[in-house]
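Colleague: Can you read through this structure? Questions will come right after.
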2 protein chains.
Amino acid sequence: MIELPVLPLPSQWPPSVVLAVVESDESFTKAVTASLLVTAGLVFLLSVLLGELCTRLKLPSVLGDLATGMILGGSVLSILVFAEVDQVANGSILHLLELATGAPPDTVMNAYQFQMGEFINNSATIGLLTLLFVTGLESDLEELIRVGPQAVAVAMTGVFLPLIGGAIALIYIFHVPTIPAIFAGAALTATSIGITANVLQEIGHLQSDEGQVILGAAILDDILGIVVLALTLSLVETGSIEPSSLILLVINAAVFVLLAVLLNRYFCPVFTKNIERFDNPAALLLCSFAFLNILALLAISFGLEALLGAFAAGLVLGGTSQREKLMRLVQPFVFVYTTIFFVTIGASVNLNVLNPLVPENREGLVIAACLIAIAVIGKVIAGFTILGDKPINRLAVGIGMIPRGEVGLVFAGLGASTGVLSESQDAAVLIMVVVTTLIAPLLLRWVFPSQPEILTADTAKRFAEIEEAVGGKF
Amino acid sequence: MIELPVLPLPSQWPPSVVLAVVESDESFTKAVTASLLVTAGLVFLLSVLLGELCTRLKLPSVLGDLATGMILGGSVLSILVFAEVDQVANGSILHLLELATGAPPDTVMNAYQFQMGEFINNSATIGLLTLLFVTGLESDLEELIRVGPQAVAVAMTGVFLPLIGGAIALIYIFHVPTIPAIFAGAALTATSIGITANVLQEIGHLQSDEGQVILGAAILDDILGIVVLALTLSLVETGSIEPSSLILLVINAAVFVLLAVLLNRYFCPVFTKNIERFDNPAALLLCSFAFLNILALLAISFGLEALLGAFAAGLVLGGTSQREKLMRLVQPFVFVYTTIFFVTIGASVNLNVLNPLVPENREGLVIAACLIAIAVIGKVIAGFTILGDKPINRLAVGIGMIPRGEVGLVFAGLGASTGVLSESQDAAVLIMVVVTTLIAPLLLRWVFPSQPEILTADTAKRFAEIEEAVGGKF
């Protein structure tokens, strides 16, 4: 049996550095609470303001969250800082906390950094899981099975085209050695379900044919991305690819998906019947979260990502009669935690690598431009691999697959920590991730035509009433 | 300027011991996620089941949460364990996590303990703050000001009677030295707002005169409890009580309360007007949480507890037209996080100290019985200090003040960590807290007569409609 490389969750980027703090006195815990109150408060306020600005400018509000992260991150205000990249927290904030808590400077700084690590880890993980859970709740499993074959074609092309294209370009244009080139190419593979799903939901296209193909492909993409990550990591570490681990992972993913389908068919009626018996209004939410936890744990046991388990849980519970009620209960968690999740993605970007006036940045910027082109073209072509004569917006599907988001950031992080990528190559991967994540929502809005006005149930009812009032004469 | 003793938040019991873990590899973060999924899943499932059982038995469901904690805690299943009391996590759970994540035993154990510390710290803090925020939202500030004078009498008597009674009993009956006796007496002072508010809400008496007096007194009680804690701690440490720090703290508390009243009058219209301008459905929740954070931070700056800030934020926002909408948005957080909060209180109880067959436990049990009697009688007498002829259930008010909950646990914890209390005295304080917390909900239900059926707005409207239909003839 082959030891599989341990696969990181996207939400664990930036990787948590557990500080070697052994303080446990009262002033430390008080400073941790105060730090949490300050940072969370700033994240909430600024994201509401910038999100509103984006909405007014007809941009998706997720860009407001990313901008919030960039402004609060290490490049500008240094309020959301990560210990592992040697960022120092904003002095004014630390001073404010010293004044508020009366704790000594060292304690405040330790507490602040400790809280940042935990704040990011826990809230971003909860945000990602909640987002995927809601995405699952809103997806129609029958529909997803129907779009399955199309999603497979899109996912396969969208993974292997950028991988091969990226590796070849790096080897032949930039004379990058083979292994780093393949690794950087692999960073181009996985689609970020989170950002795309968020934008699709905002513009009301999550339920469309395109939306379902994009989501289906993005899920398969994620599984393929994990396989590619596992293989490239073993390539980096040992110099050889193990076919058996690849086969095992593919089988596991297939079994897991089959399990979700079976649960949707046989578990849903049992869940609905029993949950209605409880008097406790909290029972539905708590049992649903417990179910989410079980499936996420199962996904981890299968060597898959926890977020796939959360998505599967949403998919299964979306088939119950409690769906609408559950969505209302989960919505506040989405508001709070996915905001934090997207803000932390923005905060993890070092804006300094984007400055073209610094000579060392230029090689990275040129490689970045090349990777962005391959990343975009590869996914757009993948969109056109949808077979059949059915009228489906193939360009929109391709564009929906463009954002690399958190999964791309995992590659960038591992590229740096394993030392397989040079600093400029790593910066290039980072820029590619940011740019694809930023442009995809803009392009998605542009490529989806504005929807025709739909006759809603309410409007229809009012028409019927008026019709009745005038004696069916109009 | 006198250095004020740093005042712990009730939620920070058991005190967080930050493990000196410097691992940051992928298998560690994966094991942390898996641990969180397992423990949270078990907490949710068991609390729903036991809560339902309690509801069927006409007991408050919060007892189900406490029982969940006791069962999952170190005394029975050892699933919710705290590193600082040398508890070892359940072997089967650790083994399951090893199988699920493929991580080595050491990594899993470190990840499990690390996650427990964070899980408790963050979720319990969020739970307490959310609960207090909702309590504030549901409280009517005008009403609270009206009951103010009555609440002051109840709070003052309820703090000083158990304090003096407890200290005298320990000194003269059990021959305990003066300082430990005063410390143990001080543990009898503060009322747990959380449990009482929860039970009052469940039985529909939060808005009643009694409910408002209890809450008002409990808040004042908490402030007095903090003063008492500060004074007894400085007594333990230096042997002298500083009158200036007492005066400073009382002034701070008065200024903070005044600030909340002013905000309620002048800030509410501004908040309502601006929040309605946002298109973003998340804006209300995020801005409200930001406001909560600001007031909690302000409370910390004033040397008060963060939970008072959360309560004040709820009180202020309860005066806006967004109140109902906000309560619906916050409800799911209450469902999840206050469950975790109450479960952790249950889990922190070491059930072994309750075994009377162990000779060492007996002295503690006798002291405990004495402390319970003083704790109950002191608060019941406090209820009868309400002046005037107004028909108010004075017994109910006294009983509502009985549970010591989290604040009492802070005393028990500090008694142990500072070494001021012997092991049996500390166990006695712990038992007193648990018993008062367990019996108060039962007594509250018994002492409040079942409510007469109320003519709701809906029913009234229907009556009016029927009346109109029959021509005002009935």
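Numbering starts fresh at 1 for the residues of each chain in the structure tokens, the chains themselves are lettered A, B, ... in the order given, and ligands are numbered from 1 as they appear.
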Go through segment 256-441 of chain A and collect every residue that DSSP, computed from the backbone, puts in helix (DSSP H, G or I); the answer should be as a PyMOL selection string.
Modeller: chain A and resi 256-275+283-301+306-317+323-347+351-354+359-383+394-400+405-417+423-441
Colleague: Pick out the residues sitting within 6 Å of Gly314 of chain B, and hand them over as a list of chain:residue names; count only C-alpha atoms, and ignore anything fewer than 5 positions along from it in its own chain.
Modeller: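 Near Gly314 of chain B, the qualifying residues are B:Phe133, B:Gly136, B:Leu137.
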Colleague: Out of B:Asn293, B:Ser348, B:Ser35, B:Thr178, which residue has the shortest atom-to-atom distance to chain A when counting only C-alpha atoms?
Modeller: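 Using only C-alpha atoms, the shortest distance to chain A belongs to B:Asn293.
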Colleague: Check the smallest atom-to-atom distance from each of B:Phe341, B:Phe119, B:Phe28, B:Tyr172 to Gly102 of chain B using only C-alpha atoms, then report the winner.
Modeller: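 Ranked by minimum distance to Gly102 of chain B, first place goes to B:Phe28.
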Colleague: So that I can check the surroundings of Ala282 of chain A, please list as JSON, numbers by chain every protein, DNA and RNA residue that reaches within 12 Å of it, counting only C-alpha atoms and ignoring chain neighbours fewer than 4 positions away.
Modeller: {"A": [275, 276, 278, 286, 287, 288, 289, 325, 326, 329, 330], "B": [44, 45, 47, 48, 49, 51, 52, 61, 331, 332, 333, 334, 335, 336, 337, 338, 339]}
Colleague: With a distance cut-off of 7 Å and only C-alpha atoms, select the neighbouring residues of segment 377-393 of chain B, excluding the residue or stretch itself and same-chain residues fewer than 6 positions from it, and output the selection as JSON, numbers by chain.
Modeller: {"B": [150, 153, 154, 157, 158, 161, 162, 210, 399, 401, 402]}
Colleague: Using N, CA and C atoms, can you export the residues from the last selection as a short mmCIF file (atom, residue, chain, number, x, y, z; two decimals), in the first residue's frame?
Modeller:
```cif
data_model
loop_
_atom_site.label_atom_id
_atom_site.label_comp_id
_atom_site.auth_asym_id
_atom_site.auth_seq_id
_atom_site.Cartn_x
_atom_site.Cartn_y
_atom_site.Cartn_z
N GLN B 150 -35.60 48.58 41.64
CA GLN B 150 -35.86 47.26 42.22
C GLN B 150 -34.69 46.33 42.00
N ALA B 153 -31.73 46.90 44.42
CA ALA B 153 -31.93 46.31 45.75
C ALA B 153 -31.67 44.81 45.73
N VAL B 154 -32.24 44.13 44.70
CA VAL B 154 -32.08 42.68 44.58
C VAL B 154 -30.61 42.32 44.40
N THR B 157 -28.37 43.00 47.69
CA THR B 157 -28.62 41.98 48.72
C THR B 157 -28.10 40.63 48.26
N GLY B 158 -28.36 40.31 46.98
CA GLY B 158 -27.99 39.00 46.45
C GLY B 158 -26.50 38.79 46.35
N LEU B 161 -25.24 39.23 50.81
CA LEU B 161 -25.74 38.23 51.75
C LEU B 161 -25.01 36.89 51.59
N PRO B 162 -24.93 36.30 50.36
CA PRO B 162 -24.21 35.03 50.21
C PRO B 162 -22.72 35.18 50.51
N GLU B 210 -41.05 40.14 36.38
CA GLU B 210 -40.07 39.34 37.11
C GLU B 210 -38.82 39.14 36.24
N ILE B 399 -35.45 33.10 42.96
CA ILE B 399 -35.05 31.83 42.35
C ILE B 399 -34.34 32.06 41.02
N MET B 401 -32.32 34.26 40.37
CA MET B 401 -30.95 34.68 40.63
C MET B 401 -30.05 33.54 41.12
N ILE B 402 -30.62 32.36 41.33
CA ILE B 402 -29.84 31.26 41.93
C ILE B 402 -28.67 30.74 41.08
#
```
Colleague: Which is closer to Val270 of chain B than all the others in B:Ile179, B:Leu63, B:Leu298, B:Val316, using only C-alpha atoms?
Modeller: B:Val316
Colleague: Quick one: everything within 10 Å of Ile195 of chain A, counting only C-alpha atoms, minus sequence neighbours fewer than 3 positions away in the same chain. Send it as an mmCIF file with N, CA, C and O atoms, in the first residue's frame.
Modeller:
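So the final result, stored in selection.cif, reads:
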```
data_model
loop_
_atom_site.group_PDB
_atom_site.id
_atom_site.type_symbol
_atom_site.label_atom_id
_atom_site.label_comp_id
_atom_site.auth_asym_id
_atom_site.auth_seq_id
_atom_site.Cartn_x
_atom_site.Cartn_y
_atom_site.Cartn_z
ATOM 1 N N PRO A 60 -19.380 41.979 -9.112
ATOM 2 C CA PRO A 60 -19.811 41.042 -8.075
ATOM 3 C C PRO A 60 -19.254 41.459 -6.721
ATOM 4 O O PRO A 60 -18.116 41.924 -6.635
ATOM 5 N N VAL A 62 -18.182 39.814 -4.348
ATOM 6 C CA VAL A 62 -17.035 39.051 -3.861
ATOM 7 C C VAL A 62 -15.740 39.819 -4.116
ATOM 8 O O VAL A 62 -14.772 39.703 -3.368
ATOM 9 N N LEU A 63 -15.731 40.673 -5.164
ATOM 10 C CA LEU A 63 -14.551 41.518 -5.406
ATOM 11 C C LEU A 63 -14.342 42.493 -4.255
ATOM 12 O O LEU A 63 -13.200 42.824 -3.924
ATOM 13 N N LEU A 131 -20.172 27.407 2.496
ATOM 14 C CA LEU A 131 -20.422 27.810 1.106
ATOM 15 C C LEU A 131 -20.689 26.583 0.234
ATOM 16 O O LEU A 131 -21.630 26.552 -0.561
ATOM 17 N N THR A 191 -10.175 24.389 -10.729
ATOM 18 C CA THR A 191 -11.108 25.511 -10.692
ATOM 19 C C THR A 191 -11.540 25.782 -9.252
ATOM 20 O O THR A 191 -11.727 24.851 -8.482
ATOM 21 N N SER A 192 -11.726 27.059 -8.912
ATOM 22 C CA SER A 192 -12.263 27.400 -7.597
ATOM 23 C C SER A 192 -13.785 27.357 -7.647
ATOM 24 O O SER A 192 -14.415 28.210 -8.271
ATOM 25 N N ASN A 198 -20.414 31.519 -6.143
ATOM 26 C CA ASN A 198 -20.882 32.768 -5.554
ATOM 27 C C ASN A 198 -21.373 33.744 -6.630
ATOM 28 O O ASN A 198 -22.448 34.321 -6.520
ATOM 29 N N VAL A 199 -20.560 33.893 -7.685
ATOM 30 C CA VAL A 199 -20.937 34.811 -8.758
ATOM 31 C C VAL A 199 -22.167 34.302 -9.497
ATOM 32 O O VAL A 199 -23.100 35.054 -9.790
ATOM 33 N N LEU A 200 -22.180 32.995 -9.794
ATOM 34 C CA LEU A 200 -23.324 32.410 -10.507
ATOM 35 C C LEU A 200 -24.610 32.624 -9.725
ATOM 36 O O LEU A 200 -25.653 32.949 -10.289
ATOM 37 N N GLN A 201 -24.505 32.468 -8.393
ATOM 38 C CA GLN A 201 -25.684 32.668 -7.560
ATOM 39 C C GLN A 201 -26.139 34.120 -7.626
ATOM 40 O O GLN A 201 -27.325 34.400 -7.765
ATOM 41 N N PHE A 342 -13.322 34.875 1.875
ATOM 42 C CA PHE A 342 -12.862 35.623 0.707
ATOM 43 C C PHE A 342 -11.910 36.748 1.111
ATOM 44 O O PHE A 342 -10.957 37.045 0.397
ATOM 45 N N GLY A 400 -16.502 30.316 -16.813
ATOM 46 C CA GLY A 400 -16.854 29.932 -15.436
ATOM 47 C C GLY A 400 -15.785 29.083 -14.775
ATOM 48 O O GLY A 400 -15.697 29.003 -13.552
ATOM 49 N N PRO A 403 -11.485 30.884 -12.712
ATOM 50 C CA PRO A 403 -10.849 31.245 -11.430
ATOM 51 C C PRO A 403 -10.181 30.060 -10.751
ATOM 52 O O PRO A 403 -10.760 28.990 -10.617
ATOM 53 N N ARG A 404 -8.923 30.250 -10.339
ATOM 54 C CA ARG A 404 -8.200 29.164 -9.662
ATOM 55 C C ARG A 404 -8.346 29.291 -8.154
ATOM 56 O O ARG A 404 -8.239 28.325 -7.437
ATOM 57 N N GLY A 405 -8.531 30.520 -7.669
ATOM 58 C CA GLY A 405 -8.799 30.773 -6.245
ATOM 59 C C GLY A 405 -7.935 29.987 -5.286
ATOM 60 O O GLY A 405 -6.726 29.848 -5.472
ATOM 61 N N GLU A 406 -8.624 29.420 -4.272
ATOM 62 C CA GLU A 406 -7.908 28.829 -3.151
ATOM 63 C C GLU A 406 -7.048 27.619 -3.531
ATOM 64 O O GLU A 406 -5.958 27.428 -3.014
ATOM 65 N N THR A 437 -8.825 34.845 -10.731
ATOM 66 C CA THR A 437 -9.912 34.959 -9.757
ATOM 67 C C THR A 437 -10.640 36.289 -9.899
ATOM 68 O O THR A 437 -11.856 36.369 -9.730
ATOM 69 N N LEU A 438 -9.866 37.335 -10.232
ATOM 70 C CA LEU A 438 -10.472 38.660 -10.355
ATOM 71 C C LEU A 438 -11.232 38.833 -11.664
ATOM 72 O O LEU A 438 -12.298 39.453 -11.686
ATOM 73 N N ALA A 440 -12.513 36.443 -13.778
ATOM 74 C CA ALA A 440 -13.610 35.530 -14.093
ATOM 75 C C ALA A 440 -14.987 36.090 -13.745
ATOM 76 O O ALA A 440 -15.899 36.040 -14.576
ATOM 77 N N PRO A 441 -15.152 36.667 -12.536
ATOM 78 C CA PRO A 441 -16.480 37.213 -12.223
ATOM 79 C C PRO A 441 -16.898 38.312 -13.200
ATOM 80 O O PRO A 441 -18.052 38.367 -13.623
#
```
